[in-house]
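One structure is given here, and the rest of the page talks about it.
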Amino acid sequence: MSATNPGDGAPASRTSRRLPILPLRELVVFPYMVVPLFVGRPKSLKAISKALEGTREILVVTQKTATTDEPGPKDLYDVGTVGQILQVFNLPDGIVKILVEGVYRARVHEYVREDEFFEVITEEIPDTDEKTPRMQALMRNVVSLFEQYIKLSKKIPAEIAVVANSVESSGRLADIITSHLSLKVEEKQEILQAASGEERLERLLELLQKEIDIHVIEKKISDRVRKQMEHLQKEYYLREQMKAIQKELGDKDEIQAEIEEYKKRIAEAKMPEQAHDKCISELDRLAKMGYGSAESGVIRSYLDVMCDLPWSKSSPDNLDIRKAEKILERDHYGLKEPKERILEYLSVCRLKRSIKGPILCFMGPPGVGKTSLARSIAEAMGRKFVRMSLGGIRDEAEIRGHRKTYVGAMPGRIVQLIRRAGTNNPVFLLDEVDKTGADWRGDPSSALLEVLDPEQNTTFQDHYLAVPFDLSKVLFLTTANLPHPIPEPLRDRMEIINLPGYMEEEKVQIAKRHLMAKQLKENGLKKNQMMITDRALKKIIRNYTREAGIRELERKMGTIMRKCTKQLVTDREKARKAQKAAEAQGSQTGGAAPSTGGQPDEGRPRAFRLRVNEKTLEKYLGIPRYRHGRTEELDEVGVATGLAWTEVGGQPLPIEVVVMKGSGKLILTGHLGDVMQESARAAVTYVRSNYQAFGIKKSFYKFRDLHIHAPEGGMPKDGPSAGITIATAVVSALSGRKVNRYVALTGELTLKGRVLPVTGLKERVLAAFRTGIKEVVLSRENMKELEEIPIEIRERLKFHLVEESGEVLEFALLPPDPADAGPGPQALPQTPAPAAPSAQP
C-alpha cells in the first residue's frame, strides 16, 4: 500500500525503515511522549516480539474506527509515530504491558507483510523549522493560550508550561502541547500528520482557543451551581436554627403549621380509608422535604385536590314529583313523552331511595332542548348541575386524568367538575356523547364505559388520584344527535329517549312563552314596546328557518328585536330634537310652547309600540329564504321526492334521473356516500332484472346512460333509505311516466324488490309535512312507529304501507299521459304483487 506524502520535497533526515506496526484504538502517540500501552491482540503481540528481536523500534498508528477488532490496512491512518520500546511487562491472561517513547513522525510507504502481523516500509516526516517572525509569533501565542488552558483545567502540571516556554522547535512544541490536551482522536491525528510546523501551530491555536472557551463556560456553570448549593445549604442551616429557636420558645414553624393544616383538612374531608392513608403518606413525604423542593409543589397540589373533593358531602334529594312536573312544564313546551319518562325515572328513584339504574340519553336534533332538560332535572331534584362537553375529545386522559409524576399533571375533567360542584351527587351531563373520537392517545368512549356502568363506577380510578372515587351517587345524563356514532358497548349502558323536532304550533308557543321574553331582555326592550304577531311567527318558521329545533328561530327573533331597538332609539332622538326646536321657537317669540291639551307629560317622548306582522316582516328579515307548503311546481319525469334523517332533523331529499344516449354507464353525483351509492346500484339492478314488469325495453342499458343526482351537492348524503326513491325515479325516467309531486318515499330496497323499514320516521314525516307533501310511502314494518307521530299530522297526511316495490310504483307514478312521449313505453303493467291498503292512523 502506498500513501501520499504531504511533505514531498522536504529533505529526509532518516532513510526508509522496515518496521512492525502496533495499531491503537483511541490513542494518538506523539514524539517526545512516554506512554504505557496494554497489548492483548495476537497480531500486536507478534509485532512487539518482532520489534524486540531487532532495534526495539515499532510504528505506533491509530485506528480510524475504535470498534474494529481486526483492523486492516484501510482501517489505519497512514501517519504515526516511530517509538522505542523501553520496558516490557508480562501480565496475567496473556496481556503485555509496554512502555513506549515516541521518537519521530513517520508515514507508511508500503505494507510488506499482513499475515501474522503488519510490517511496513516507513518514511520519516521531518519538522521544518523556519525562524521567521510569523513562526515566532505563532509559537508565543500558542504558549500563551496553553498557559491559560493550564490555569483553567487544573489537570496539567504547571511544569509543562515551563517546558513549553523553553522549546525552540515548532514541531516539538506542537507535539508536547497536543499530547496534553483533551482533544478528539481525529483532531490530534490532524495535527500529527500536518506537514509544516506553521500549519501544525495554526491548527493547534484554533483548538486551544476552542478548548479555552469551553472551559470558561464550564467554569461559569460550575460557579453558578456551587453558589446555588451554597445558598441552599445556607437556607437549610438557617431553617434548622429557626426550628431550634422556635422549639425553645414553644412556637411552630411554617412547614409544621402547614402540615397540621393539611392534617386538619384531611380529617374534615372524611375520606375512605385507602384515600386517607394515601394522603397521610404524601404528607409524611412533604414533611421530610425542604421547603423549596420542586417535588413539594407536586405533593401540595395533590393534597389540595384530595382535600377539596366532596368525599362525603351530598346535597339532599328533593324527589317531589309534582314539583318536578311543574318545573318541566315551566321550562319546556311539548316533549310529552320525554317528560313522562323523566317523571317515571324520578318516581322509581323515590321509591328505591337510590338513583342506580339506566343512564338516560336524550337523543335528537340540535335545538330541541336536550341540555335544558338536564338542567330542569337538576333543579327539580335540588342538586348541583355540571356539564362536560365531549365534542372533539380524543384523549383518554380527559376522562381519567394524568399520573401526577408528569409535569403539569392534573385530574380528569370528571373529577375536576365534581370538585367544582362541591357535592358527590350532582346531576352530571355528558354532552355530545356521539362526537368523541379516538387516536394514538386513547379512546375516550372506552374510558366512559367504567364511568357510566353502575356496577363499576363505585371504584372509578382516576390516574391522578391513584385511589378509587365513588361515582355511584352521581346522576349521569347524556345527549347525542345520532345513535350510530356511539360505540355499541357504550350505547348498551344507556336508555335512549328520543326528542324529535318541534311542530309548527309548538314552535309558535315556545316563541311566545320563552323566546320572546328572553330576547326582549337581551335587547333592552320592555313588553309594551314591541310585539310579534302569531302569523308573523309562523311566517318566520315557514319561510326563514328550516330546522327541527328553535335556535335559528331565536336568532331571527333577535334580529327583529335589534332592528326594533334601533328604530325606537332613532325615533326618540328625533322626538327630543323636535321638542327642543319647539321650545327654542317659543322662547324667541315670547310665547309658550305649543300645547296639545295641557297634559302633565306634555313635550316628553311618548311610549312607542312596534307591531311586527307578516306584512312588515320582510322589512326586518329580508326576502324569505325557503318555500313552505310547496313541492315541485309540476309533476315531472325522473324526479322523485325522498325523506332523509340528518343530525338537524328530517329533510326532503329529491332524486333526479336523466336518461341519455351512451353505452350503459351509471353516473352518480350529489356528494353521495358509499352506502347510498350501493343503494343506487341495487335499485338500477332491480329495474334491469324486472324490465318486463315495468314495460321497459330489454336492451335499454346497452345504448343508454343513467345519471342519478341528488341536489344540494355540497351537502354529504348517505344511507340506504333512498332505495325506493331512486328506483321510482329510474322507472319514471325509462318509462316516461311522471311522478306524483305530492308523494314522498322512504325505505330501503333489496335486489328482490322488498321494501325494508327505516329509522327516524317521525323526523322524516315532520319534514314531509313542512314541505307540503300529502302522501308518504313507507315499509309496512314501520307501522308501529306511526303511533309516535302527533295526531294532528296523521290526520293531514295519508300513509301507504307497502312490502314490495310494485306497490310503491302504483302510489308514486301517475297514469301514462299520451301527450308526453318518454324514452320508454307509455304503459306500465300491474305487478303481480297484491296492493297494500293505505294506512290512515
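Naming scheme: A, B, ... for chains in displayed order of the C-alpha cells; residues 1 onward per chain; ligands 1 onward as shown.
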
### Task
Would you mind writing down, as JSON, numbers by chain, each residue of range 335-514 of chain A that DSSP on the backbone assigns to strand (DSSP E)?
{"A": [359, 360, 361, 362, 363, 385, 386, 387, 388, 389, 427, 428, 429, 430, 431, 460, 461, 468, 469, 475, 476, 477, 478, 479, 480, 494, 495, 496, 497, 498]}

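Excluding Leu749 in chain A itself and any same-chain residue fewer than 5 positions from it, the protein and nucleic acid residues within 7 Å of it, counting only C-alpha atoms, are Ala683, Gly723, Ile724, Arg754, Val755 and Leu756 of chain A.
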
Contact residues around Phe118 in chain A with only C-alpha atoms at 8 Å, ignoring same-chain residues under 4 positions, as an mmCIF file with all heavy atoms, in the first residue's frame:
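The new file around.cif reads:
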```
data_model
loop_
_atom_site.group_PDB
_atom_site.id
_atom_site.type_symbol
_atom_site.label_atom_id
_atom_site.label_comp_id
_atom_site.auth_asym_id
_atom_site.auth_seq_id
_atom_site.Cartn_x
_atom_site.Cartn_y
_atom_site.Cartn_z
ATOM 1 N N PRO A 20 7.664 -3.112 12.238
ATOM 2 C CA PRO A 20 6.328 -3.656 12.529
ATOM 3 C C PRO A 20 5.382 -2.529 13.003
ATOM 4 O O PRO A 20 5.833 -1.495 13.473
ATOM 5 C CB PRO A 20 6.572 -4.675 13.638
ATOM 6 C CG PRO A 20 7.804 -4.191 14.317
ATOM 7 C CD PRO A 20 8.656 -3.541 13.264
ATOM 8 N N ILE A 21 4.089 -2.773 12.876
ATOM 9 C CA ILE A 21 3.062 -1.772 13.242
ATOM 10 C C ILE A 21 2.303 -2.240 14.488
ATOM 11 O O ILE A 21 1.952 -3.424 14.602
ATOM 12 C CB ILE A 21 2.079 -1.547 12.088
ATOM 13 C CG1 ILE A 21 2.695 -0.615 11.054
ATOM 14 C CG2 ILE A 21 0.776 -0.940 12.577
ATOM 15 C CD1 ILE A 21 1.745 -0.220 9.960
ATOM 16 N N LEU A 22 2.059 -1.292 15.404
ATOM 17 C CA LEU A 22 1.220 -1.543 16.585
ATOM 18 C C LEU A 22 -0.023 -0.654 16.474
ATOM 19 O O LEU A 22 0.040 0.547 16.732
ATOM 20 C CB LEU A 22 1.989 -1.224 17.866
ATOM 21 C CG LEU A 22 1.193 -1.390 19.173
ATOM 22 C CD1 LEU A 22 0.719 -2.826 19.345
ATOM 23 C CD2 LEU A 22 2.019 -0.960 20.370
ATOM 24 N N LYS A 43 -1.986 -10.287 16.763
ATOM 25 C CA LYS A 43 -1.103 -9.633 15.791
ATOM 26 C C LYS A 43 -0.225 -8.584 16.460
ATOM 27 O O LYS A 43 0.956 -8.428 16.127
ATOM 28 C CB LYS A 43 -1.941 -8.990 14.680
ATOM 29 C CG LYS A 43 -2.445 -9.960 13.630
ATOM 30 C CD LYS A 43 -3.056 -9.216 12.453
ATOM 31 C CE LYS A 43 -3.445 -10.170 11.348
ATOM 32 N NZ LYS A 43 -3.971 -9.472 10.147
ATOM 33 N N ALA A 47 3.853 -8.384 16.680
ATOM 34 C CA ALA A 47 4.584 -7.202 16.234
ATOM 35 C C ALA A 47 5.575 -6.742 17.305
ATOM 36 O O ALA A 47 6.700 -6.322 16.990
ATOM 37 C CB ALA A 47 3.599 -6.089 15.900
ATOM 38 N N TYR A 111 3.002 -1.553 2.679
ATOM 39 C CA TYR A 111 2.814 -2.718 3.552
ATOM 40 C C TYR A 111 3.539 -3.902 2.930
ATOM 41 O O TYR A 111 3.278 -4.263 1.770
ATOM 42 C CB TYR A 111 1.328 -3.043 3.709
ATOM 43 C CG TYR A 111 0.620 -2.191 4.732
ATOM 44 C CD1 TYR A 111 0.161 -0.917 4.406
ATOM 45 C CD2 TYR A 111 0.428 -2.651 6.027
ATOM 46 C CE1 TYR A 111 -0.482 -0.121 5.339
ATOM 47 C CE2 TYR A 111 -0.211 -1.857 6.962
ATOM 48 C CZ TYR A 111 -0.666 -0.601 6.627
ATOM 49 O OH TYR A 111 -1.278 0.175 7.566
ATOM 50 N N VAL A 112 4.465 -4.506 3.656
ATOM 51 C CA VAL A 112 5.239 -5.639 3.130
ATOM 52 C C VAL A 112 4.811 -6.956 3.754
ATOM 53 O O VAL A 112 5.198 -8.026 3.288
ATOM 54 C CB VAL A 112 6.747 -5.409 3.366
ATOM 55 C CG1 VAL A 112 7.217 -4.198 2.582
ATOM 56 C CG2 VAL A 112 7.061 -5.239 4.841
ATOM 57 N N ARG A 113 4.035 -6.878 4.840
ATOM 58 C CA ARG A 113 3.581 -8.127 5.480
ATOM 59 C C ARG A 113 2.241 -7.861 6.173
ATOM 60 O O ARG A 113 2.082 -6.871 6.879
ATOM 61 C CB ARG A 113 4.618 -8.611 6.495
ATOM 62 C CG ARG A 113 4.282 -9.971 7.096
ATOM 63 C CD ARG A 113 5.436 -10.490 7.950
ATOM 64 N NE ARG A 113 5.156 -11.825 8.445
ATOM 65 C CZ ARG A 113 6.009 -12.552 9.191
ATOM 66 N NH1 ARG A 113 7.205 -12.039 9.484
ATOM 67 N NH2 ARG A 113 5.665 -13.742 9.623
ATOM 68 N N GLU A 114 1.288 -8.798 5.976
ATOM 69 C CA GLU A 114 -0.033 -8.616 6.567
ATOM 70 C C GLU A 114 -0.580 -9.905 7.173
ATOM 71 O O GLU A 114 -1.721 -9.923 7.617
ATOM 72 C CB GLU A 114 -1.025 -8.106 5.512
ATOM 73 C CG GLU A 114 -0.679 -6.777 4.890
ATOM 74 C CD GLU A 114 -1.724 -6.329 3.879
ATOM 75 O OE1 GLU A 114 -2.832 -6.904 3.898
ATOM 76 O OE2 GLU A 114 -1.429 -5.424 3.074
#
```

Contacts of range 429-433 of chain A within 7 Å, only C-alpha atoms, excl. fewer than 5 positions in-chain, as a compact mmCIF listing (two decimals) with all heavy atoms, in the first residue's frame:
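For reference, result_22.txt as written:
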```
# COMPACT_ATOMS: atom_id res chain seq x y z
N ALA A 374 -81.82 18.54 31.07
CA ALA A 374 -80.94 18.10 32.15
C ALA A 374 -80.88 19.15 33.26
O ALA A 374 -80.87 18.80 34.46
CB ALA A 374 -79.55 17.82 31.59
N VAL A 386 -73.66 20.07 36.63
CA VAL A 386 -72.38 20.26 35.93
C VAL A 386 -72.50 19.65 34.54
O VAL A 386 -73.21 18.66 34.34
CB VAL A 386 -71.19 19.63 36.69
CG1 VAL A 386 -70.90 20.38 37.97
CG2 VAL A 386 -71.43 18.17 36.99
N ARG A 387 -71.80 20.27 33.60
CA ARG A 387 -71.87 19.84 32.21
C ARG A 387 -70.47 19.67 31.65
O ARG A 387 -69.60 20.52 31.85
CB ARG A 387 -72.62 20.87 31.38
CG ARG A 387 -72.60 20.63 29.87
CD ARG A 387 -73.30 21.74 29.12
NE ARG A 387 -73.06 21.67 27.70
CZ ARG A 387 -72.00 22.21 27.09
NH1 ARG A 387 -71.11 22.90 27.81
NH2 ARG A 387 -71.85 22.12 25.79
N MET A 388 -70.26 18.57 30.95
CA MET A 388 -68.98 18.30 30.30
C MET A 388 -69.24 18.01 28.83
O MET A 388 -69.97 17.08 28.49
CB MET A 388 -68.28 17.10 30.96
CG MET A 388 -67.01 16.67 30.27
SD MET A 388 -66.28 15.23 31.10
CE MET A 388 -64.92 14.88 29.96
N SER A 389 -68.66 18.82 27.96
CA SER A 389 -68.82 18.62 26.53
C SER A 389 -67.80 17.62 26.02
O SER A 389 -66.60 17.78 26.24
CB SER A 389 -68.68 19.95 25.78
OG SER A 389 -68.78 19.74 24.39
N LEU A 390 -68.27 16.59 25.37
CA LEU A 390 -67.38 15.56 24.83
C LEU A 390 -67.08 15.77 23.35
O LEU A 390 -66.37 14.96 22.76
CB LEU A 390 -68.01 14.18 25.01
CG LEU A 390 -68.26 13.74 26.46
CD1 LEU A 390 -68.99 12.41 26.49
CD2 LEU A 390 -66.96 13.64 27.22
N GLY A 391 -67.58 16.82 22.76
CA GLY A 391 -67.36 17.06 21.34
C GLY A 391 -65.89 17.28 21.02
O GLY A 391 -65.26 18.17 21.56
N PHE A 476 -75.85 10.58 36.11
CA PHE A 476 -75.28 10.86 34.80
C PHE A 476 -76.39 10.91 33.76
O PHE A 476 -77.24 10.02 33.69
CB PHE A 476 -74.25 9.80 34.41
CG PHE A 476 -72.94 9.92 35.12
CD1 PHE A 476 -72.61 9.06 36.16
CD2 PHE A 476 -72.03 10.90 34.76
CE1 PHE A 476 -71.40 9.17 36.82
CE2 PHE A 476 -70.82 11.02 35.40
CZ PHE A 476 -70.50 10.16 36.44
N LEU A 477 -76.36 11.95 32.94
CA LEU A 477 -77.23 12.09 31.79
C LEU A 477 -76.35 12.36 30.57
O LEU A 477 -75.28 12.97 30.69
CB LEU A 477 -78.22 13.23 31.98
CG LEU A 477 -79.13 13.17 33.21
CD1 LEU A 477 -79.93 14.46 33.34
CD2 LEU A 477 -80.08 11.99 33.12
N THR A 478 -76.78 11.91 29.42
CA THR A 478 -76.01 12.14 28.19
C THR A 478 -76.92 12.70 27.12
O THR A 478 -78.14 12.53 27.17
CB THR A 478 -75.35 10.83 27.69
OG1 THR A 478 -76.38 9.91 27.32
CG2 THR A 478 -74.46 10.22 28.74
N THR A 479 -76.32 13.36 26.14
CA THR A 479 -77.06 13.85 24.97
C THR A 479 -76.32 13.44 23.70
O THR A 479 -75.10 13.25 23.71
CB THR A 479 -77.20 15.38 24.99
OG1 THR A 479 -75.92 15.99 24.78
CG2 THR A 479 -77.79 15.87 26.30
N ALA A 480 -77.07 13.29 22.63
CA ALA A 480 -76.48 12.92 21.34
C ALA A 480 -77.45 13.35 20.25
O ALA A 480 -78.64 13.56 20.48
CB ALA A 480 -76.22 11.42 21.27
```

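Among the candidate residues A:Gly364, A:Gln579, A:Lys717, A:Lys527, the one lying nearest to Leu610 in chain A is A:Lys527, with distances computed using only C-alpha atoms.
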
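Counting only C-alpha atoms and comparing A:Ala287, A:Ile212, A:Val415, A:Leu666, the residue that lies closest to Leu465 in chain A is A:Val415.
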
### Message
So that I can check the secondary structure, give me every residue of range 544-739 of chain A assigned alpha helix (DSSP H) by backbone DSSP, as a PyMOL selection string.
### Response
chain A and resi 551-589+617-621+674-689+700-703+723-735

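Relative to CA of Gly412 in chain A, CA of Gln461 in chain A is found at 10.2 Å.
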
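One distance worth recording is that between CA of Lys762 in chain A and CA of Arg341 in chain A, which is 18.2 Å.
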
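Atom pair CA of Ile497 in chain A / CA of Asn481 in chain A has a distance of 11.3 Å (rounded to one decimal).
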
Range 448-565 of chain A residues near range 270-283 of chain A within 10 Å, closest pair each, using only C-alpha atoms, as JSON lines:
```
{"residue": "A:Leu465", "atom": "CA", "partner": "A:Ala275", "partner_atom": "CA", "distance": 8.6}
{"residue": "A:Ala466", "atom": "CA", "partner": "A:Ala275", "partner_atom": "CA", "distance": 8.7}
{"residue": "A:Val467", "atom": "CA", "partner": "A:Ala275", "partner_atom": "CA", "distance": 5.9}
{"residue": "A:Pro468", "atom": "CA", "partner": "A:Ala275", "partner_atom": "CA", "distance": 7.7}
{"residue": "A:Phe469", "atom": "CA", "partner": "A:Ala275", "partner_atom": "CA", "distance": 8.7}
{"residue": "A:Asp470", "atom": "CA", "partner": "A:Pro272", "partner_atom": "CA", "distance": 9.8}
```
